[in-house]
file upload25.cif (mmCIF, C-alpha atoms)
data_target
#
loop_
_atom_site.label_atom_id
_atom_site.label_comp_id
_atom_site.auth_asym_id
_atom_site.auth_seq_id
_atom_site.Cartn_x
_atom_site.Cartn_y
_atom_site.Cartn_z
CA MET A 1 -16.11 17.31 2.57
CA ILE A 2 -14.78 14.43 0.47
CA GLY A 3 -16.10 11.02 1.41
CA ARG A 4 -15.42 7.59 -0.06
CA LEU A 5 -12.92 6.97 -2.82
CA ASN A 6 -15.42 6.02 -5.50
CA HIS A 7 -12.84 4.74 -7.99
CA VAL A 8 -9.38 4.98 -9.45
CA ALA A 9 -9.45 5.28 -13.24
CA ILE A 10 -6.69 3.73 -15.34
CA ALA A 11 -6.48 4.58 -19.04
CA VAL A 12 -5.44 1.59 -21.14
CA PRO A 13 -4.68 1.20 -24.85
CA ASP A 14 -6.20 -2.31 -25.09
CA LEU A 15 -9.18 -2.92 -22.84
CA GLU A 16 -9.43 -6.62 -23.58
CA ALA A 17 -5.81 -7.23 -22.64
CA ALA A 18 -6.07 -5.06 -19.53
CA THR A 19 -9.23 -6.85 -18.42
CA ALA A 20 -7.54 -10.23 -18.85
CA LEU A 21 -4.61 -8.98 -16.78
CA TYR A 22 -6.82 -7.97 -13.86
CA ARG A 23 -9.01 -11.06 -14.16
CA ASP A 24 -6.44 -13.76 -14.82
CA THR A 25 -3.14 -12.45 -13.48
CA LEU A 26 -4.44 -10.44 -10.51
CA GLY A 27 -7.47 -12.67 -9.92
CA ALA A 28 -10.00 -9.85 -9.57
CA VAL A 29 -13.72 -9.71 -10.36
CA VAL A 30 -14.26 -7.79 -13.60
CA THR A 31 -17.43 -6.64 -15.35
CA ALA A 32 -18.30 -6.86 -19.03
CA PRO A 33 -17.15 -3.84 -21.07
CA THR A 34 -19.67 -1.01 -21.38
CA ALA A 35 -19.48 1.49 -24.22
CA GLN A 36 -20.19 5.03 -23.04
CA PRO A 37 -20.25 7.03 -26.26
CA ASP A 38 -21.35 10.19 -24.45
CA HIS A 39 -18.12 10.04 -22.46
CA GLY A 40 -15.85 8.83 -25.26
CA VAL A 41 -14.77 5.70 -23.41
CA THR A 42 -15.46 2.01 -23.05
CA VAL A 43 -15.30 0.98 -19.40
CA VAL A 44 -14.60 -2.20 -17.45
CA PHE A 45 -14.97 -2.12 -13.68
CA ILE A 46 -12.62 -4.07 -11.45
CA GLU A 47 -14.75 -4.74 -8.38
CA LEU A 48 -12.68 -4.72 -5.22
CA PRO A 49 -14.22 -5.27 -1.77
CA ASN A 50 -13.99 -1.60 -0.80
CA THR A 51 -13.89 0.38 -4.05
CA LYS A 52 -13.38 -0.13 -7.75
CA ILE A 53 -10.87 0.40 -10.49
CA GLU A 54 -12.19 1.71 -13.79
CA LEU A 55 -10.30 0.63 -16.88
CA LEU A 56 -10.91 3.18 -19.64
CA GLU A 57 -10.29 2.67 -23.36
CA PRO A 58 -10.85 5.50 -25.85
CA LEU A 59 -14.09 5.30 -27.85
CA GLY A 60 -14.75 7.34 -30.98
CA GLU A 61 -13.30 10.67 -32.01
CA ASN A 62 -12.30 13.24 -29.40
CA SER A 63 -12.08 10.79 -26.52
CA PRO A 64 -11.09 12.71 -23.38
CA ILE A 65 -8.36 10.14 -22.70
CA ALA A 66 -6.83 10.11 -26.20
CA ALA A 67 -4.21 12.77 -25.43
CA PHE A 68 -3.29 11.04 -22.18
CA LEU A 69 -2.65 7.78 -24.05
CA GLU A 70 -0.58 9.61 -26.64
CA ARG A 71 1.70 10.73 -23.79
CA ASN A 72 1.50 7.38 -21.96
CA ALA A 73 1.36 4.73 -24.66
CA SER A 74 1.11 1.76 -22.31
CA GLY A 75 -1.52 3.48 -20.15
CA GLY A 76 -1.49 4.93 -16.67
CA ILE A 77 -3.52 6.13 -13.73
CA HIS A 78 -5.77 8.85 -15.15
CA HIS A 79 -7.75 10.18 -12.19
CA VAL A 80 -9.19 9.49 -8.76
CA CYS A 81 -12.84 10.08 -7.88
CA TYR A 82 -14.02 11.15 -4.46
CA GLU A 83 -17.66 11.18 -3.41
CA VAL A 84 -19.28 14.32 -2.04
CA ASP A 85 -22.76 14.80 -0.57
CA ASP A 86 -23.56 18.04 -2.38
CA ILE A 87 -21.65 18.75 -5.55
CA LEU A 88 -22.72 22.38 -5.88
CA ALA A 89 -21.68 23.14 -2.31
CA ALA A 90 -18.38 21.35 -2.96
CA ARG A 91 -17.82 23.33 -6.14
CA ASP A 92 -18.51 26.64 -4.46
CA ARG A 93 -16.17 25.83 -1.58
CA LEU A 94 -13.43 24.80 -3.98
CA LYS A 95 -13.81 27.88 -6.17
CA ALA A 96 -13.74 30.11 -3.10
CA SER A 97 -10.42 28.49 -2.15
CA GLY A 98 -9.00 29.26 -5.60
CA ALA A 99 -9.14 25.74 -7.05
CA ARG A 100 -10.04 25.54 -10.72
CA VAL A 101 -13.02 23.49 -11.86
CA LEU A 102 -12.60 22.19 -15.41
CA GLY A 103 -15.03 22.98 -18.22
CA SER A 104 -18.02 25.24 -17.67
CA GLY A 105 -18.01 24.73 -13.92
CA GLU A 106 -21.46 23.18 -14.09
CA PRO A 107 -21.72 19.51 -13.07
CA ARG A 108 -22.22 17.02 -15.88
CA ILE A 109 -23.89 13.65 -15.62
CA GLY A 110 -20.99 11.23 -15.29
CA ALA A 111 -20.42 7.63 -16.22
CA HIS A 112 -22.47 6.41 -13.24
CA GLY A 113 -25.49 8.64 -13.99
CA LYS A 114 -24.63 11.07 -11.19
CA PRO A 115 -23.42 14.69 -11.28
CA VAL A 116 -19.65 15.03 -11.54
CA LEU A 117 -17.00 17.72 -11.77
CA PHE A 118 -13.30 17.55 -12.54
CA LEU A 119 -10.69 19.68 -10.78
CA HIS A 120 -7.54 21.01 -12.39
CA PRO A 121 -4.58 18.67 -11.75
CA LYS A 122 -2.21 21.62 -11.33
CA ASP A 123 -4.17 22.60 -8.21
CA PHE A 124 -3.99 19.07 -6.73
CA ASN A 125 -0.36 17.93 -6.90
CA GLY A 126 -0.58 16.73 -10.48
CA THR A 127 -3.63 14.60 -9.76
CA LEU A 128 -6.78 14.89 -11.84
CA VAL A 129 -9.59 14.77 -9.25
CA GLU A 130 -13.20 13.90 -10.08
CA LEU A 131 -15.93 14.66 -7.58
CA GLU A 132 -19.14 12.67 -7.79
CA GLU A 133 -22.32 13.39 -5.86
CA ALA A 134 -22.96 10.22 -3.87
CA MET B 1 -6.32 -12.86 -5.59
CA ILE B 2 -6.21 -9.13 -4.99
CA GLY B 3 -8.48 -7.87 -2.23
CA ARG B 4 -9.05 -4.37 -0.88
CA LEU B 5 -7.44 -1.29 -2.32
CA ASN B 6 -5.21 -0.50 0.63
CA HIS B 7 -4.18 2.94 -0.58
CA VAL B 8 -3.41 5.26 -3.45
CA ALA B 9 -0.02 6.94 -3.06
CA ILE B 10 0.52 10.48 -4.34
CA ALA B 11 4.04 11.89 -4.47
CA VAL B 12 4.17 15.57 -3.55
CA PRO B 13 6.98 18.11 -3.52
CA ASP B 14 5.70 19.93 -0.41
CA LEU B 15 3.99 17.73 2.15
CA GLU B 16 2.82 20.57 4.35
CA ALA B 17 1.09 22.33 1.47
CA ALA B 18 -0.42 19.09 0.17
CA THR B 19 -1.71 18.19 3.62
CA ALA B 20 -3.32 21.61 3.97
CA LEU B 21 -4.95 21.15 0.57
CA TYR B 22 -6.56 17.85 1.55
CA ARG B 23 -7.47 19.07 5.05
CA ASP B 24 -8.71 22.57 4.32
CA THR B 25 -9.75 22.62 0.67
CA LEU B 26 -11.05 19.05 0.36
CA GLY B 27 -12.14 18.79 4.00
CA ALA B 28 -10.61 15.38 4.67
CA VAL B 29 -9.23 13.83 7.85
CA VAL B 30 -5.43 13.88 7.75
CA THR B 31 -2.82 12.40 10.08
CA ALA B 32 0.35 14.00 11.40
CA PRO B 33 3.40 13.50 9.16
CA THR B 34 5.49 10.41 9.89
CA ALA B 35 9.13 10.23 8.83
CA GLN B 36 10.00 6.79 7.47
CA PRO B 37 13.76 7.00 6.92
CA ASP B 38 13.96 3.30 6.01
CA HIS B 39 11.66 4.01 3.08
CA GLY B 40 13.04 7.41 2.13
CA VAL B 41 9.73 9.19 2.56
CA THR B 42 7.71 11.25 4.98
CA VAL B 43 4.06 10.19 4.90
CA VAL B 44 0.69 11.76 5.68
CA PHE B 45 -2.40 9.59 5.47
CA ILE B 46 -5.68 10.99 4.19
CA GLU B 47 -8.26 8.84 5.92
CA LEU B 48 -11.29 8.23 3.75
CA PRO B 49 -14.22 6.08 4.89
CA ASN B 50 -13.26 3.13 2.69
CA THR B 51 -9.52 3.47 2.02
CA LYS B 52 -6.72 5.97 2.34
CA ILE B 53 -4.55 8.25 0.29
CA GLU B 54 -0.87 8.37 1.17
CA LEU B 55 0.90 11.64 0.50
CA LEU B 56 4.62 10.95 0.08
CA GLU B 57 7.42 13.52 0.30
CA PRO B 58 11.05 12.54 -0.34
CA LEU B 59 13.20 12.09 2.77
CA GLY B 60 16.98 11.94 2.71
CA GLU B 61 19.26 10.86 -0.10
CA ASN B 62 18.16 8.22 -2.62
CA SER B 63 14.45 8.56 -1.91
CA PRO B 64 12.57 6.10 -4.15
CA ILE B 65 10.25 8.92 -5.23
CA ALA B 66 12.95 11.49 -6.07
CA ALA B 67 13.18 10.55 -9.75
CA PHE B 68 9.39 10.55 -10.07
CA LEU B 69 9.25 14.11 -8.71
CA GLU B 70 12.01 15.19 -11.08
CA ARG B 71 9.77 14.08 -13.94
CA ASN B 72 6.58 15.38 -12.29
CA ALA B 73 7.56 18.54 -10.48
CA SER B 74 4.13 19.32 -9.05
CA GLY B 75 3.61 15.70 -7.98
CA GLY B 76 1.35 12.93 -9.21
CA ILE B 77 -0.19 9.57 -8.46
CA HIS B 78 2.76 7.27 -7.77
CA HIS B 79 1.23 3.83 -7.14
CA VAL B 80 -1.78 1.84 -6.02
CA CYS B 81 -1.61 -0.84 -3.33
CA TYR B 82 -3.77 -3.93 -3.31
CA GLU B 83 -4.03 -6.30 -0.37
CA VAL B 84 -3.36 -10.02 -0.77
CA ASP B 85 -3.78 -12.83 1.75
CA ASP B 86 -0.47 -14.56 1.01
CA ILE B 87 2.25 -12.49 -0.58
CA LEU B 88 4.52 -15.39 -1.47
CA ALA B 89 1.69 -17.24 -3.21
CA ALA B 90 0.79 -14.01 -5.01
CA ARG B 91 4.38 -13.48 -6.09
CA ASP B 92 4.72 -17.00 -7.42
CA ARG B 93 1.47 -16.74 -9.35
CA LEU B 94 2.54 -13.43 -10.84
CA LYS B 95 5.98 -14.64 -11.80
CA ALA B 96 4.48 -17.76 -13.41
CA SER B 97 2.30 -15.45 -15.52
CA GLY B 98 5.36 -13.52 -16.67
CA ALA B 99 4.86 -10.37 -14.56
CA ARG B 100 8.05 -8.81 -13.23
CA VAL B 101 8.51 -8.28 -9.51
CA LEU B 102 10.81 -5.33 -8.74
CA GLY B 103 13.99 -5.67 -6.71
CA SER B 104 15.16 -9.00 -5.39
CA GLY B 105 11.72 -10.58 -5.64
CA GLU B 106 11.68 -11.12 -1.88
CA PRO B 107 9.02 -9.23 0.08
CA ARG B 108 10.25 -6.28 2.12
CA ILE B 109 8.63 -4.89 5.22
CA GLY B 110 6.64 -1.92 3.97
CA ALA B 111 5.53 1.37 5.44
CA HIS B 112 2.76 -0.34 7.44
CA GLY B 113 5.02 -3.01 8.94
CA LYS B 114 3.71 -5.72 6.61
CA PRO B 115 5.38 -7.60 3.75
CA VAL B 116 5.12 -5.83 0.41
CA LEU B 117 6.22 -6.27 -3.18
CA PHE B 118 6.16 -3.91 -6.15
CA LEU B 119 5.29 -5.01 -9.69
CA HIS B 120 6.78 -3.54 -12.84
CA PRO B 121 4.57 -0.77 -14.23
CA LYS B 122 5.27 -1.85 -17.80
CA ASP B 123 3.46 -5.10 -17.05
CA PHE B 124 0.39 -3.31 -15.59
CA ASN B 125 -0.65 -0.61 -18.05
CA GLY B 126 1.83 1.96 -16.82
CA THR B 127 0.67 1.55 -13.22
CA LEU B 128 3.13 0.84 -10.41
CA VAL B 129 1.35 -1.80 -8.30
CA GLU B 130 2.23 -2.56 -4.69
CA LEU B 131 0.96 -5.75 -3.08
CA GLU B 132 0.68 -5.84 0.70
CA GLU B 133 -0.05 -8.91 2.77
CA ALA B 134 -3.22 -8.02 4.67
#
call {"tool": "encode", "arguments": {"input": "upload25.cif", "output": "structure tokens"}}
result
Amino acid sequence: MIGRLNHVAIAVPDLEAATALYRDTLGAVVTAPTAQPDHGVTVVFIELPNTKIELLEPLGENSPIAAFLERNASGGIHHVCYEVDDILAARDRLKASGARVLGSGEPRIGAHGKPVLFLHPKDFNGTLVELEEA
Amino acid sequence: MIGRLNHVAIAVPDLEAATALYRDTLGAVVTAPTAQPDHGVTVVFIELPNTKIELLEPLGENSPIAAFLERNASGGIHHVCYEVDDILAARDRLKASGARVLGSGEPRIGAHGKPVLFLHPKDFNGTLVELEEA
């Protein structure tokens, strides 16, 4: 069911500093920051040859990563995102297996303009899993 | 400098259950478990089209992931591994920039039989980074 690893998301307290670290210290290709007010984050993509890293900084009130950064002040790996061909079929299969889908259970349009769902980390070895329809 | 994302490593308390979760619930291709006593882990690879997930279970005394699992009883994302062409050049560049290399600073032979180094998570936004010579 799951396909490519679309991205690994890392929450960071200071996006400019984190971008400089990946660009200058690790020598990676980085994009310009993009504010995504609908998702409560500003994002920089680290473009690797086979996948990407998303650096996420909180934006505005009620950012979904604010609580994570309160617990992890210097940042940390926030989630992994796997691609699926059919997100509704994936959701139904997961729910039938007992896995919990976060929120309403209906896909939302994610940061890449495609339908996404998040799965409960307690059902996946402490890992927050995002599924994105490819 | 950094190239492909070689893998994302997830520490798990029960490798058999975690493997079943990725195989049956997420429908991924999984390998048989491999004991790596030199590294204090038993490993299952989740083979995705563009990279892999490594599920790590502690093996023996003094496993390097034992303390992590004490803090994260249900498991969690342990590290990410980026490929580099020349690990000694990468190390020297990183040290010159002030980043801390864990251990002696000399590359060890990692779980894939290639030279690896680990970088201090406090220098990389709370993310434990492994570098592997490709």
call {"tool": "atom_distance", "arguments": {"input": "upload25.cif", "atom1": "CA of Ile65 (chain B)", "atom2": "CA of Gly126 (chain B)"}}
result
15.9 Å
call {"tool": "residues_around", "arguments": {"input": "upload25.cif", "residues": "Ala134 (chain A)", "least_positions_apart": "4", "cutoff": "12 Å", "atoms": "all atoms listed in the file", "output": "ChimeraX atom specification"}}
result
/A:1-6,81-87,110,112-116
call {"tool": "calpha_fit_and_write", "arguments": {"input": "upload25.cif", "fixed": "chain B", "moving": "chain A", "output": "mmCIF file with C-alpha atoms, in the coordinates of the input"}}
result
data_model
loop_
_atom_site.group_PDB
_atom_site.id
_atom_site.type_symbol
_atom_site.label_atom_id
_atom_site.label_comp_id
_atom_site.auth_asym_id
_atom_site.auth_seq_id
_atom_site.Cartn_x
_atom_site.Cartn_y
_atom_site.Cartn_z
ATOM 1 C CA MET A 1 -6.318 -12.875 -5.596
ATOM 2 C CA ILE A 2 -6.198 -9.122 -4.982
ATOM 3 C CA GLY A 3 -8.474 -7.874 -2.241
ATOM 4 C CA ARG A 4 -9.053 -4.383 -0.875
ATOM 5 C CA LEU A 5 -7.444 -1.291 -2.325
ATOM 6 C CA ASN A 6 -5.215 -0.503 0.633
ATOM 7 C CA HIS A 7 -4.178 2.952 -0.583
ATOM 8 C CA VAL A 8 -3.407 5.257 -3.456
ATOM 9 C CA ALA A 9 -0.025 6.949 -3.058
ATOM 10 C CA ILE A 10 0.515 10.484 -4.339
ATOM 11 C CA ALA A 11 4.047 11.886 -4.472
ATOM 12 C CA VAL A 12 4.162 15.571 -3.556
ATOM 13 C CA PRO A 13 6.990 18.119 -3.521
ATOM 14 C CA ASP A 14 5.700 19.941 -0.405
ATOM 15 C CA LEU A 15 3.992 17.731 2.147
ATOM 16 C CA GLU A 16 2.816 20.574 4.346
ATOM 17 C CA ALA A 17 1.096 22.326 1.459
ATOM 18 C CA ALA A 18 -0.418 19.088 0.168
ATOM 19 C CA THR A 19 -1.717 18.197 3.624
ATOM 20 C CA ALA A 20 -3.326 21.625 3.970
ATOM 21 C CA LEU A 21 -4.960 21.154 0.573
ATOM 22 C CA TYR A 22 -6.560 17.852 1.556
ATOM 23 C CA ARG A 23 -7.475 19.075 5.035
ATOM 24 C CA ASP A 24 -8.700 22.585 4.315
ATOM 25 C CA THR A 25 -9.746 22.629 0.668
ATOM 26 C CA LEU A 26 -11.045 19.055 0.360
ATOM 27 C CA GLY A 27 -12.143 18.803 3.998
ATOM 28 C CA ALA A 28 -10.602 15.388 4.662
ATOM 29 C CA VAL A 29 -9.227 13.839 7.854
ATOM 30 C CA VAL A 30 -5.424 13.882 7.753
ATOM 31 C CA THR A 31 -2.824 12.390 10.086
ATOM 32 C CA ALA A 32 0.341 13.992 11.416
ATOM 33 C CA PRO A 33 3.386 13.494 9.160
ATOM 34 C CA THR A 34 5.491 10.415 9.896
ATOM 35 C CA ALA A 35 9.120 10.212 8.826
ATOM 36 C CA GLN A 36 10.005 6.777 7.468
ATOM 37 C CA PRO A 37 13.750 6.993 6.915
ATOM 38 C CA ASP A 38 13.976 3.308 6.001
ATOM 39 C CA HIS A 39 11.661 4.007 3.074
ATOM 40 C CA GLY A 40 13.049 7.417 2.127
ATOM 41 C CA VAL A 41 9.731 9.201 2.568
ATOM 42 C CA THR A 42 7.701 11.255 4.993
ATOM 43 C CA VAL A 43 4.058 10.190 4.909
ATOM 44 C CA VAL A 44 0.695 11.768 5.686
ATOM 45 C CA PHE A 45 -2.405 9.600 5.470
ATOM 46 C CA ILE A 46 -5.673 10.997 4.180
ATOM 47 C CA GLU A 47 -8.253 8.834 5.934
ATOM 48 C CA LEU A 48 -11.281 8.237 3.754
ATOM 49 C CA PRO A 49 -14.224 6.090 4.896
ATOM 50 C CA ASN A 50 -13.255 3.141 2.700
ATOM 51 C CA THR A 51 -9.523 3.466 2.025
ATOM 52 C CA LYS A 52 -6.721 5.969 2.333
ATOM 53 C CA ILE A 53 -4.556 8.251 0.284
ATOM 54 C CA GLU A 54 -0.873 8.362 1.165
ATOM 55 C CA LEU A 55 0.891 11.641 0.512
ATOM 56 C CA LEU A 56 4.613 10.963 0.086
ATOM 57 C CA GLU A 57 7.413 13.531 0.302
ATOM 58 C CA PRO A 58 11.036 12.543 -0.344
ATOM 59 C CA LEU A 59 13.188 12.090 2.771
ATOM 60 C CA GLY A 60 16.978 11.933 2.696
ATOM 61 C CA GLU A 61 19.268 10.852 -0.104
ATOM 62 C CA ASN A 62 18.163 8.218 -2.606
ATOM 63 C CA SER A 63 14.456 8.570 -1.915
ATOM 64 C CA PRO A 64 12.578 6.115 -4.144
ATOM 65 C CA ILE A 65 10.252 8.928 -5.240
ATOM 66 C CA ALA A 66 12.950 11.501 -6.070
ATOM 67 C CA ALA A 67 13.178 10.552 -9.756
ATOM 68 C CA PHE A 68 9.396 10.561 -10.076
ATOM 69 C CA LEU A 69 9.249 14.118 -8.711
ATOM 70 C CA GLU A 70 12.010 15.193 -11.069
ATOM 71 C CA ARG A 71 9.759 14.090 -13.949
ATOM 72 C CA ASN A 72 6.566 15.399 -12.305
ATOM 73 C CA ALA A 73 7.561 18.564 -10.482
ATOM 74 C CA SER A 74 4.125 19.317 -9.057
ATOM 75 C CA GLY A 75 3.596 15.697 -7.981
ATOM 76 C CA GLY A 76 1.358 12.918 -9.199
ATOM 77 C CA ILE A 77 -0.195 9.563 -8.468
ATOM 78 C CA HIS A 78 2.753 7.263 -7.762
ATOM 79 C CA HIS A 79 1.239 3.831 -7.142
ATOM 80 C CA VAL A 80 -1.774 1.842 -6.011
ATOM 81 C CA CYS A 81 -1.606 -0.841 -3.325
ATOM 82 C CA TYR A 82 -3.776 -3.927 -3.313
ATOM 83 C CA GLU A 83 -4.033 -6.300 -0.371
ATOM 84 C CA VAL A 84 -3.354 -10.007 -0.776
ATOM 85 C CA ASP A 85 -3.771 -12.830 1.745
ATOM 86 C CA ASP A 86 -0.479 -14.571 1.005
ATOM 87 C CA ILE A 87 2.243 -12.495 -0.570
ATOM 88 C CA LEU A 88 4.518 -15.401 -1.472
ATOM 89 C CA ALA A 89 1.687 -17.239 -3.207
ATOM 90 C CA ALA A 90 0.783 -14.008 -5.013
ATOM 91 C CA ARG A 91 4.378 -13.488 -6.088
ATOM 92 C CA ASP A 92 4.721 -17.008 -7.410
ATOM 93 C CA ARG A 93 1.471 -16.746 -9.359
ATOM 94 C CA LEU A 94 2.529 -13.432 -10.850
ATOM 95 C CA LYS A 95 5.992 -14.657 -11.816
ATOM 96 C CA ALA A 96 4.485 -17.753 -13.413
ATOM 97 C CA SER A 97 2.303 -15.449 -15.530
ATOM 98 C CA GLY A 98 5.377 -13.515 -16.683
ATOM 99 C CA ALA A 99 4.876 -10.380 -14.577
ATOM 100 C CA ARG A 100 8.047 -8.813 -13.234
ATOM 101 C CA VAL A 101 8.500 -8.282 -9.506
ATOM 102 C CA LEU A 102 10.796 -5.348 -8.738
ATOM 103 C CA GLY A 103 13.991 -5.676 -6.712
ATOM 104 C CA SER A 104 15.161 -9.031 -5.397
ATOM 105 C CA GLY A 105 11.719 -10.586 -5.632
ATOM 106 C CA GLU A 106 11.678 -11.135 -1.886
ATOM 107 C CA PRO A 107 9.023 -9.217 0.077
ATOM 108 C CA ARG A 108 10.253 -6.288 2.139
ATOM 109 C CA ILE A 109 8.634 -4.895 5.246
ATOM 110 C CA GLY A 110 6.652 -1.923 3.975
ATOM 111 C CA ALA A 111 5.548 1.356 5.450
ATOM 112 C CA HIS A 112 2.756 -0.336 7.429
ATOM 113 C CA GLY A 113 5.021 -3.020 8.954
ATOM 114 C CA LYS A 114 3.709 -5.723 6.618
ATOM 115 C CA PRO A 115 5.386 -7.607 3.752
ATOM 116 C CA VAL A 116 5.135 -5.832 0.408
ATOM 117 C CA LEU A 117 6.221 -6.275 -3.188
ATOM 118 C CA PHE A 118 6.161 -3.917 -6.146
ATOM 119 C CA LEU A 119 5.284 -5.005 -9.680
ATOM 120 C CA HIS A 120 6.779 -3.542 -12.828
ATOM 121 C CA PRO A 121 4.563 -0.755 -14.231
ATOM 122 C CA LYS A 122 5.275 -1.852 -17.806
ATOM 123 C CA ASP A 123 3.447 -5.111 -17.046
ATOM 124 C CA PHE A 124 0.397 -3.307 -15.588
ATOM 125 C CA ASN A 125 -0.646 -0.611 -18.068
ATOM 126 C CA GLY A 126 1.835 1.949 -16.804
ATOM 127 C CA THR A 127 0.679 1.550 -13.217
ATOM 128 C CA LEU A 128 3.128 0.839 -10.418
ATOM 129 C CA VAL A 129 1.346 -1.802 -8.305
ATOM 130 C CA GLU A 130 2.231 -2.570 -4.685
ATOM 131 C CA LEU A 131 0.952 -5.741 -3.078
ATOM 132 C CA GLU A 132 0.684 -5.842 0.694
ATOM 133 C CA GLU A 133 -0.055 -8.919 2.778
ATOM 134 C CA ALA A 134 -3.219 -8.037 4.683
#
call {"tool": "atom_distance", "arguments": {"input": "upload25.cif", "atom1": "CA of Leu131 (chain A)", "atom2": "CA of Phe118 (chain B)"}}
result
28.9 Å
call {"tool": "closest_atom_pairs", "arguments": {"input": "upload25.cif", "of": "chain A", "to": "chain B", "cutoff": "7 Å", "atoms": "all atoms listed in the file", "output": "tab-separated table"}}
result
residue	atom	partner	partner_atom	distance
A:Met1	CA	B:Gly27	CA	4.5
A:Ile2	CA	B:Leu26	CA	5.9
A:Gly3	CA	B:Leu48	CA	6.0
A:Arg4	CA	B:Pro49	CA	5.3
A:Leu5	CA	B:Asn50	CA	6.7
A:Val12	CA	B:Asn125	CA	6.1
A:Thr25	CA	B:Leu94	CA	6.3
A:Leu26	CA	B:Met1	CA	5.8
A:Gly27	CA	B:Met1	CA	4.5
A:Ala28	CA	B:Ile2	CA	6.0
A:Leu48	CA	B:Arg4	CA	5.7
A:Pro49	CA	B:Arg4	CA	5.3
A:Asn50	CA	B:Arg4	CA	5.7
A:Thr51	CA	B:Leu5	CA	6.9
A:Ser74	CA	B:Asn125	CA	5.2
A:Gly75	CA	B:Asn125	CA	4.7
A:Gly76	CA	B:Gly126	CA	4.5
A:Ile77	CA	B:Thr127	CA	6.2
A:Leu94	CA	B:Thr25	CA	6.3
A:Ser97	CA	B:Thr25	CA	6.5
A:Asn125	CA	B:Gly75	CA	4.7
A:Gly126	CA	B:Gly76	CA	4.4
A:Thr127	CA	B:Gly76	CA	5.3
call {"tool": "atom_distance", "arguments": {"input": "upload25.cif", "atom1": "CA of Ala66 (chain A)", "atom2": "CA of Glu54 (chain A)"}}
result
15.9 Å
call {"tool": "closest_residue", "arguments": {"input": "upload25.cif", "among": "A:Ser104, A:Asp92, A:Gly60, A:Ala9", "to": "Phe45 (chain A)", "atoms": "all atoms listed in the file"}}
result
A:Ala9
call {"tool": "resolve_selection", "arguments": {"input": "upload25.cif", "expression": "the PyMOL selection byres ((chain B and resi 64) around 8)", "output": "PDB file with C-alpha atoms, keeping the file's coordinate frame"}}
result
ATOM      1  CA  HIS B  39      11.660   4.010   3.080  1.00  0.00           C
ATOM      2  CA  GLY B  40      13.040   7.410   2.130  1.00  0.00           C
ATOM      3  CA  VAL B  41       9.730   9.190   2.560  1.00  0.00           C
ATOM      4  CA  PRO B  58      11.050  12.540  -0.340  1.00  0.00           C
ATOM      5  CA  ASN B  62      18.160   8.220  -2.620  1.00  0.00           C
ATOM      6  CA  SER B  63      14.450   8.560  -1.910  1.00  0.00           C
ATOM      7  CA  ILE B  65      10.250   8.920  -5.230  1.00  0.00           C
ATOM      8  CA  ALA B  66      12.950  11.490  -6.070  1.00  0.00           C
ATOM      9  CA  ALA B  67      13.180  10.550  -9.750  1.00  0.00           C
TER      10      ALA B  67
END
call {"tool": "decode", "arguments": {"input": "upload25.cif", "residues": "region 23-34 of chain A", "atoms": "N, CA and C atoms", "output": "compact mmCIF listing (two decimals), in the first residue's frame"}}
result
# COMPACT_ATOMS: atom_id res chain seq x y z
N ARG A 23 22.06 24.17 4.34
CA ARG A 23 22.67 24.72 3.13
C ARG A 23 24.19 24.79 3.26
N ASP A 24 24.65 25.39 4.36
CA ASP A 24 26.08 25.71 4.46
C ASP A 24 26.88 24.58 5.10
N THR A 25 26.35 24.02 6.18
CA THR A 25 27.11 22.99 6.90
C THR A 25 26.96 21.63 6.22
N LEU A 26 25.73 21.29 5.81
CA LEU A 26 25.51 19.98 5.18
C LEU A 26 25.56 20.06 3.65
N GLY A 27 25.62 21.28 3.11
CA GLY A 27 25.83 21.43 1.67
C GLY A 27 24.67 20.94 0.82
N ALA A 28 23.45 21.11 1.30
CA ALA A 28 22.28 20.62 0.56
C ALA A 28 21.61 21.77 -0.19
N VAL A 29 20.78 21.38 -1.17
CA VAL A 29 19.98 22.36 -1.92
C VAL A 29 18.73 22.68 -1.11
N VAL A 30 18.51 23.96 -0.85
CA VAL A 30 17.36 24.36 -0.04
C VAL A 30 16.50 25.33 -0.85
N THR A 31 15.20 25.34 -0.57
CA THR A 31 14.30 26.27 -1.25
C THR A 31 14.14 27.54 -0.39
N ALA A 32 13.50 28.54 -0.99
CA ALA A 32 13.12 29.72 -0.22
C ALA A 32 12.00 29.34 0.74
N PRO A 33 11.89 30.01 1.89
CA PRO A 33 10.79 29.70 2.82
C PRO A 33 9.43 30.06 2.23
N THR A 34 8.45 29.22 2.52
CA THR A 34 7.08 29.44 2.05
C THR A 34 6.16 29.45 3.25
